[in-house]
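I have placed the structure first, in the form of structure tokens, so that the comments after it can refer back to it.
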Amino acid sequence: MSEPRVRRAEIAIEQTHVDRVYTRLAELRTQAEAMRAKGYELGHGAQREAVFEQASMLFERDMMVYHANQTLQTLDAEYEGLVFGRLDHASDDEPIYVGRLGIRDAEFDNLVTDWRAPAAAAFYQATAEEPMDVVRRRVIRCSGQTVLDVDDDVLMAEAVPENMQVVGEGALMAALGRSRGEKMRDIVATIQREQDEVIRAPWRGVTEITGGPGTGKTAVALHRAAYLLYRHRRQLGGAGVLVVGPSGVFTNYISRVLPAMGETNVELRALGELLDGATGTHQDPARLAAIKGSSRMRKLLARAMRETPPDAQTEMRIVYKGEVLKLDAKELEKVRRKVHSQGGPPNRSRVRAAETLLEALADKADEHAKADGRSSDRAELITELGERIEFHRFLVVWWPILHPAEVLRWLADEKRLAKVGKGLLNREEITLLAGSLADRSNGWSVADIALLDELRVLIGPQPKRRRRAQSIELDAAPIQRGTTGTGPQRPEHYDEYSHIVVDESQDLSPMQWRMVGRRGKYASWTVVGDPVQSSWPDPPEAAQAREQAFGRGTAHRRFTLRTNYRNSAEIFDLAAKVVANQAEADELPKAVRTTGLEPEVRPVDPAAWESSVQAAAKELMGAVEGTVGVICAMDRVPEVERWLSGQADERLKVVGSLDSKGLEYDAVVLVEPAELITESSTGRRVLYVALTRATQQLTVLASDPSWLP
Ligand SMILES: Nc1ncnc2c1ncn2[C@@H]1O[C@H](COP(=O)(O)OP(=O)(O)OP(=O)(O)O)[C@@H](O)[C@H]1O
């Protein structure tokens, strides 16, 4: 038979199986609905014992179908189908079909094996050197319920039976060459062996995934989350899994991957969305972000919350038995220090503050009495003054219940900041930080969120009845929770996740590590990062905070991925040049796919930016089927958006350099690379990130050629 005919015949064979799977799925659905209806009926019936037995069966069946339904709902034409693989073994005539979930027929025989089950492992791990009894591995590509194509690897050439057909040459390359949509796709059908090893690594301790751009770190981390939940649901499912990404754009980009594998209750949160009640909406300029992220802020904030609130009176006067008792600013300060020195967060210390204040007033009365040769009754004074309304009026302002946002805003006062920042920040840093906190026009920045979270813990919980008020106080915007679906509702400030995935971890500041660490006191970790893409200026400081976040004595295992699956070799060559002096040779991955299309570097006349960007975007929109990203320095985003407003299209996105982390596009227009270098203290690395976002085509527009090494 000719190759196309063989292919058609093989596709038809697989279609038969896929049809069986969907028929069975429909059956399961119908049965479930019928059982559910019957369940209600039985539930109201009289035969209690029988009902109980039936009910537990119903529950199991319902759960199974519930999951199947959910998975089906999330599979749309953009995704590969439910069944995506087949293994033919040397020692067994029955093939195994691998898919997104396990399905059995009425006789309880396997129709599809879940990709995470041990029986499916060979699909990812078998090689020609170590075939694991697999003669032929087949990737089946479906759209919905229709088989589009098959693609085979022969792993035991000597064992291929006469009637076995082999077609295709490379499901991976086909997958990599396909155009990209708005959201990341799962890679279940083509996970590579080095990736599979990471996905299936033990769940305990810290699993670190490093590797250059496009090596699949994010994809692998998400598949690992799905795998761990499947294999260790008892240990990990209840307390939950949290995935932390650099930005909302990023968590949105990856939001479809887990649901496509049937996992709908993993919580996805951007660094700016980790704290309930406040959202970080923008990035600070690099210099400011470096100050806010530094671990020096920890001490500074601890000092800040111990200060006298700005609107508290500087003196206390109260009349007792015809005599004025007075505490001046210094004396009040002494009382405050005394309360703080006994430890405990301020929001839990108000009663103690009242007592200490009353003691100080009693001391005053003693002094007066002594001078007049009288005796005074301390207990009586304390009881009486403690009940006075004016005393309480003073107390609530002098020792208010603190809110994180309020304490942080106190530091907009440069004088106050200089006082608490003494020995921690220099003059210039103080001016910069105070200026940023004074400017309320922009809302919170991403770096502010870690400061608010730190303060939240330092000042202690709000008394219960004021909880609601706190959420409103932190931020008027609604809480955005990034679950991948209809997961369980967790309480506010939940901190008991059993597993935390941190993506783009190279950029977390020490303060952000503290914030993330707080949420996983008992967690195991998957930490993804590439030191070469780091935009954090003080790596050792961040490394220390990171180790503290993981907790002591945690086992570490580290994997490095070395193949770049995203960029064409032509594009990656250019990117690698930009960081050649800053990366060890083995830190740069190898790009496996060539397209024959060299990236284009186009000089631009500074007077003609607008038309140049418009033209380049238009060309690339015509050249690729999928998405086109226009990447520029953070400051330039509004301007570039304006230039492209006439070309509005779902496929065309303008994105700032720092926000482009983790994203990818079919084609990229990079605007003025020299600006990406100067906008941050680790500029070349930021440029490297931007240059490695495109899968097929890249056009660099530059009026300043200094970026090219
Ligand atoms: N085994 C695979 N099969 C198909 N596609 C893959 C495979 N591995 C990775 N990819 C694709 O390569 C691209 C890059 O993957 P991913 O974004 O996970 O890389 P990354 O290492 O996190 O990159 P970066 O550090 O640049 O953010 C994605 O489109 C992903 O789907």
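To be explicit about the labels: the chains of the structure tokens are called A, B, and onward in the order shown, and within each one the residues are counted from 1, while ligands get numbers from 1 in the order they are shown.
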Legend entry - For A:Trp707: contacts at 12 Å, only C-alpha atoms, fewer than 2 positions along chain excluded, given as a list of chain:residue names: A:Leu574, A:Ala575, A:Lys577, A:Val578, A:Val579, A:Val601, A:Val671, A:Glu672, A:Pro673, A:Ala674, A:Glu675, A:Leu676, A:Ile677, A:Thr678, A:Gly683, A:Arg684, A:Arg685, A:Val686, A:Leu687, A:Tyr688, A:Leu691, A:Val700, A:Leu701, A:Ala702, A:Ser703, A:Asp704, A:Pro705, A:Pro709
For those residues, write N, CA and C atoms to a file as a compact mmCIF listing (two decimals), in the first residue's frame.
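The result, written out as selection05.txt:
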```
# COMPACT_ATOMS: atom_id res chain seq x y z
N LEU A 574 20.17 34.25 18.04
CA LEU A 574 20.28 35.69 18.25
C LEU A 574 20.15 36.02 19.75
N ALA A 575 19.18 35.40 20.40
CA ALA A 575 18.97 35.66 21.83
C ALA A 575 20.20 35.27 22.65
N LYS A 577 23.23 35.28 21.87
CA LYS A 577 24.34 36.24 21.73
C LYS A 577 24.23 37.34 22.78
N VAL A 578 23.01 37.74 23.08
CA VAL A 578 22.79 38.87 23.99
C VAL A 578 23.27 38.58 25.42
N VAL A 579 23.22 37.30 25.82
CA VAL A 579 23.65 36.99 27.19
C VAL A 579 24.93 36.15 27.22
N VAL A 601 16.50 42.17 11.91
CA VAL A 601 16.82 43.34 12.74
C VAL A 601 16.72 44.56 11.84
N VAL A 671 10.39 46.10 20.24
CA VAL A 671 10.56 47.53 20.01
C VAL A 671 11.73 48.08 20.84
N GLU A 672 12.70 48.66 20.19
CA GLU A 672 13.85 49.33 20.80
C GLU A 672 14.50 48.53 21.95
N PRO A 673 15.23 47.48 21.58
CA PRO A 673 15.84 46.62 22.61
C PRO A 673 16.75 47.37 23.58
N ALA A 674 17.41 48.43 23.13
CA ALA A 674 18.32 49.15 24.03
C ALA A 674 17.56 49.67 25.26
N GLU A 675 16.28 50.00 25.07
CA GLU A 675 15.48 50.50 26.20
C GLU A 675 15.22 49.41 27.25
N LEU A 676 15.14 48.18 26.78
CA LEU A 676 14.93 47.08 27.73
C LEU A 676 16.16 46.89 28.61
N ILE A 677 17.32 47.19 28.01
CA ILE A 677 18.55 47.04 28.79
C ILE A 677 18.65 48.12 29.84
N THR A 678 18.28 49.34 29.47
CA THR A 678 18.48 50.45 30.43
C THR A 678 17.36 50.54 31.46
N GLY A 683 19.38 44.42 32.83
CA GLY A 683 18.79 44.66 31.52
C GLY A 683 19.00 43.60 30.47
N ARG A 684 20.23 43.10 30.34
CA ARG A 684 20.47 42.13 29.26
C ARG A 684 19.62 40.89 29.43
N ARG A 685 19.39 40.54 30.68
CA ARG A 685 18.59 39.34 30.95
C ARG A 685 17.13 39.57 30.57
N VAL A 686 16.67 40.78 30.83
CA VAL A 686 15.28 41.09 30.47
C VAL A 686 15.15 41.06 28.94
N LEU A 687 16.17 41.57 28.27
CA LEU A 687 16.15 41.53 26.80
C LEU A 687 16.16 40.09 26.29
N TYR A 688 16.94 39.25 26.95
CA TYR A 688 17.01 37.83 26.60
C TYR A 688 15.63 37.18 26.72
N LEU A 691 13.55 38.32 23.78
CA LEU A 691 13.98 37.74 22.50
C LEU A 691 13.61 36.26 22.37
N VAL A 700 13.06 42.69 15.02
CA VAL A 700 13.57 43.61 16.03
C VAL A 700 13.65 45.00 15.40
N LEU A 701 12.99 45.98 16.02
CA LEU A 701 13.04 47.35 15.52
C LEU A 701 13.94 48.16 16.45
N ALA A 702 14.99 48.76 15.90
CA ALA A 702 15.95 49.45 16.77
C ALA A 702 16.43 50.75 16.15
N SER A 703 16.34 51.85 16.93
CA SER A 703 16.97 53.08 16.46
C SER A 703 18.35 53.20 17.11
N ASP A 704 18.51 52.52 18.24
CA ASP A 704 19.78 52.52 18.96
C ASP A 704 20.40 51.13 18.84
N PRO A 705 21.53 51.02 18.12
CA PRO A 705 22.07 49.68 17.86
C PRO A 705 22.92 49.11 19.00
N PRO A 709 25.56 42.79 20.79
CA PRO A 709 26.91 42.68 21.32
C PRO A 709 27.95 42.79 20.22
```
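With a cut-off of 6 Å and using only C-alpha atoms and all ligand atoms, the polymer residues contacting ligand 1 are Leu172, Ala175, Leu176, Arg185, Ile187, Thr190, Ile191, Gln192, Gly212, Pro213, Gly214, Thr215, Gly216, Lys217, Thr218, Ala219, Tyr565, Arg566, Lys661 and Gly662 of chain A.
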With C-alpha atoms retained, write the just-selected residues as a PDB file, in the first residue's frame.
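Okay, this is what ended up in result.pdb:
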```
ATOM      1  CA  LEU A 172       6.863  16.320  18.644  1.00  0.00           C
ATOM      2  CA  ALA A 175       3.300  19.819  17.790  1.00  0.00           C
ATOM      3  CA  LEU A 176       6.073  22.385  18.075  1.00  0.00           C
ATOM      4  CA  ARG A 185      -1.789  24.052  25.609  1.00  0.00           C
ATOM      5  CA  ILE A 187       1.660  18.578  26.190  1.00  0.00           C
ATOM      6  CA  THR A 190       4.351  14.544  23.519  1.00  0.00           C
ATOM      7  CA  ILE A 191       6.000  14.800  26.936  1.00  0.00           C
ATOM      8  CA  GLN A 192       9.663  13.969  26.459  1.00  0.00           C
ATOM      9  CA  GLY A 212      16.698  27.891  29.603  1.00  0.00           C
ATOM     10  CA  PRO A 213      13.775  29.558  27.892  1.00  0.00           C
ATOM     11  CA  GLY A 214      11.293  27.316  26.130  1.00  0.00           C
ATOM     12  CA  THR A 215      12.540  24.087  27.700  1.00  0.00           C
ATOM     13  CA  GLY A 216       9.047  23.323  28.946  1.00  0.00           C
ATOM     14  CA  LYS A 217       9.638  24.198  32.603  1.00  0.00           C
ATOM     15  CA  THR A 218       6.181  25.707  33.023  1.00  0.00           C
ATOM     16  CA  ALA A 219       4.491  22.945  31.071  1.00  0.00           C
ATOM     17  CA  TYR A 565      11.105  23.512  22.347  1.00  0.00           C
ATOM     18  CA  ARG A 566       9.778  26.992  21.771  1.00  0.00           C
ATOM     19  CA  LYS A 661       7.914  36.511  31.261  1.00  0.00           C
ATOM     20  CA  GLY A 662       6.663  33.006  30.581  1.00  0.00           C
TER      21      GLY A 662
END
```
Inset, instruction - Could you tell me, as a PyMOL selection string, which residues of stretch 342-495 of chain A DSSP assigns to alpha helix (DSSP H) when given the backbone? - result: chain A and resi 350-372+378-386+389-398+404-410+414-420+427-438+446-459+467-474
Can you tell me, as a CSV table (one decimal) with C-alpha atoms, in the first residue's frame, what residues are no more than 6 Å from stretch 113-127 of chain A when counting only C-alpha atoms, ignoring any on the same chain fewer than 4 positions away?
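To be explicit, this is the file written out as result06.csv:
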```
chain,number,residue,atom,x,y,z
A,97,TYR,CA,-4.5,3.4,24.8
A,98,VAL,CA,-3.3,6.4,26.8
A,99,GLY,CA,-5.6,9.4,27.4
A,100,ARG,CA,-6.4,12.2,29.7
A,101,LEU,CA,-8.4,10.0,32.0
A,102,GLY,CA,-9.0,6.3,32.6
A,131,PRO,CA,12.2,0.0,25.0
A,132,MET,CA,10.4,-1.2,28.1
A,193,ARG,CA,11.6,11.5,28.6
A,227,TYR,CA,0.3,14.0,38.2
```
Identify, on the basis of only C-alpha atoms, every residue whose closest approach to A:Glu625 does not exceed 10 Å; exclude the query and any residue fewer than 3 positions from it along the same chain; express the result as a PDB file with N, CA and C atoms, in the first residue's frame.
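Okay, around_27.pdb is ready:
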```pdb
ATOM      1  N   ARG A 178       3.124  23.802  15.288  1.00  0.00           N
ATOM      2  CA  ARG A 178       1.743  24.277  15.208  1.00  0.00           C
ATOM      3  C   ARG A 178       1.609  25.699  15.757  1.00  0.00           C
ATOM      4  N   SER A 179       0.661  26.459  15.217  1.00  0.00           N
ATOM      5  CA  SER A 179       0.564  27.856  15.654  1.00  0.00           C
ATOM      6  C   SER A 179      -0.024  27.945  17.053  1.00  0.00           C
ATOM      7  N   ARG A 180       0.331  29.041  17.739  1.00  0.00           N
ATOM      8  CA  ARG A 180      -0.049  29.197  19.136  1.00  0.00           C
ATOM      9  C   ARG A 180      -1.320  30.010  19.282  1.00  0.00           C
ATOM     10  N   GLY A 181      -2.132  29.617  20.257  1.00  0.00           N
ATOM     11  CA  GLY A 181      -3.346  30.377  20.548  1.00  0.00           C
ATOM     12  C   GLY A 181      -3.093  31.310  21.717  1.00  0.00           C
ATOM     13  N   LEU A 620       3.757  40.725  10.271  1.00  0.00           N
ATOM     14  CA  LEU A 620       3.788  39.456  10.999  1.00  0.00           C
ATOM     15  C   LEU A 620       2.385  38.878  11.184  1.00  0.00           C
ATOM     16  N   MET A 621       1.381  39.748  11.323  1.00  0.00           N
ATOM     17  CA  MET A 621       0.010  39.244  11.407  1.00  0.00           C
ATOM     18  C   MET A 621      -0.353  38.489  10.136  1.00  0.00           C
ATOM     19  N   GLY A 622       0.197  38.953   9.024  1.00  0.00           N
ATOM     20  CA  GLY A 622      -0.068  38.264   7.762  1.00  0.00           C
ATOM     21  C   GLY A 622       0.761  36.992   7.620  1.00  0.00           C
ATOM     22  N   VAL A 628       0.555  37.285  17.691  1.00  0.00           N
ATOM     23  CA  VAL A 628       1.709  38.170  17.475  1.00  0.00           C
ATOM     24  C   VAL A 628       1.847  39.057  18.717  1.00  0.00           C
ATOM     25  N   ARG A 651      -5.585  38.462  18.000  1.00  0.00           N
ATOM     26  CA  ARG A 651      -4.279  37.786  17.901  1.00  0.00           C
ATOM     27  C   ARG A 651      -3.112  38.703  18.229  1.00  0.00           C
ATOM     28  N   ASP A 666       3.482  33.286  18.284  1.00  0.00           N
ATOM     29  CA  ASP A 666       4.021  32.770  17.026  1.00  0.00           C
ATOM     30  C   ASP A 666       5.089  33.715  16.497  1.00  0.00           C
ATOM     31  N   ALA A 667       4.786  35.016  16.573  1.00  0.00           N
ATOM     32  CA  ALA A 667       5.735  36.004  16.058  1.00  0.00           C
ATOM     33  C   ALA A 667       5.825  37.166  17.037  1.00  0.00           C
TER      34      ALA A 667
END
```
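Nearest to A:Thr356 of all the residues A:Ala26, A:Leu395, A:Val154, A:Ala369 is A:Leu395, based on only C-alpha atoms.
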Inset, instruction - Mind checking which residues fall within 12 Å of A:Thr431, counting only C-alpha atoms, ignoring those fewer than 4 positions away in the same chain, and posting them as JSON, numbers by chain? - result: {"A": [288, 291, 411, 412, 413, 414, 415, 416, 417, 418, 421, 425, 426, 427, 435, 436, 437, 438]}
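Nearest-residue note for A:Asn442: choosing from A:Arg231, A:His17, A:His282, A:Arg8, the minimum distance belongs to A:His282, counting only C-alpha atoms.
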Inset, instruction - Step one, run DSSP on the backbone; step two, keep only residues of stretch 456-690 of chain A assigned to strand (DSSP E or B); then write them as an MDAnalysis selection string. - result: chainID A and resid 483 496 499:502 520 524:529 556:561 563:568 590:593 600:603 628:632 652:656 665:671
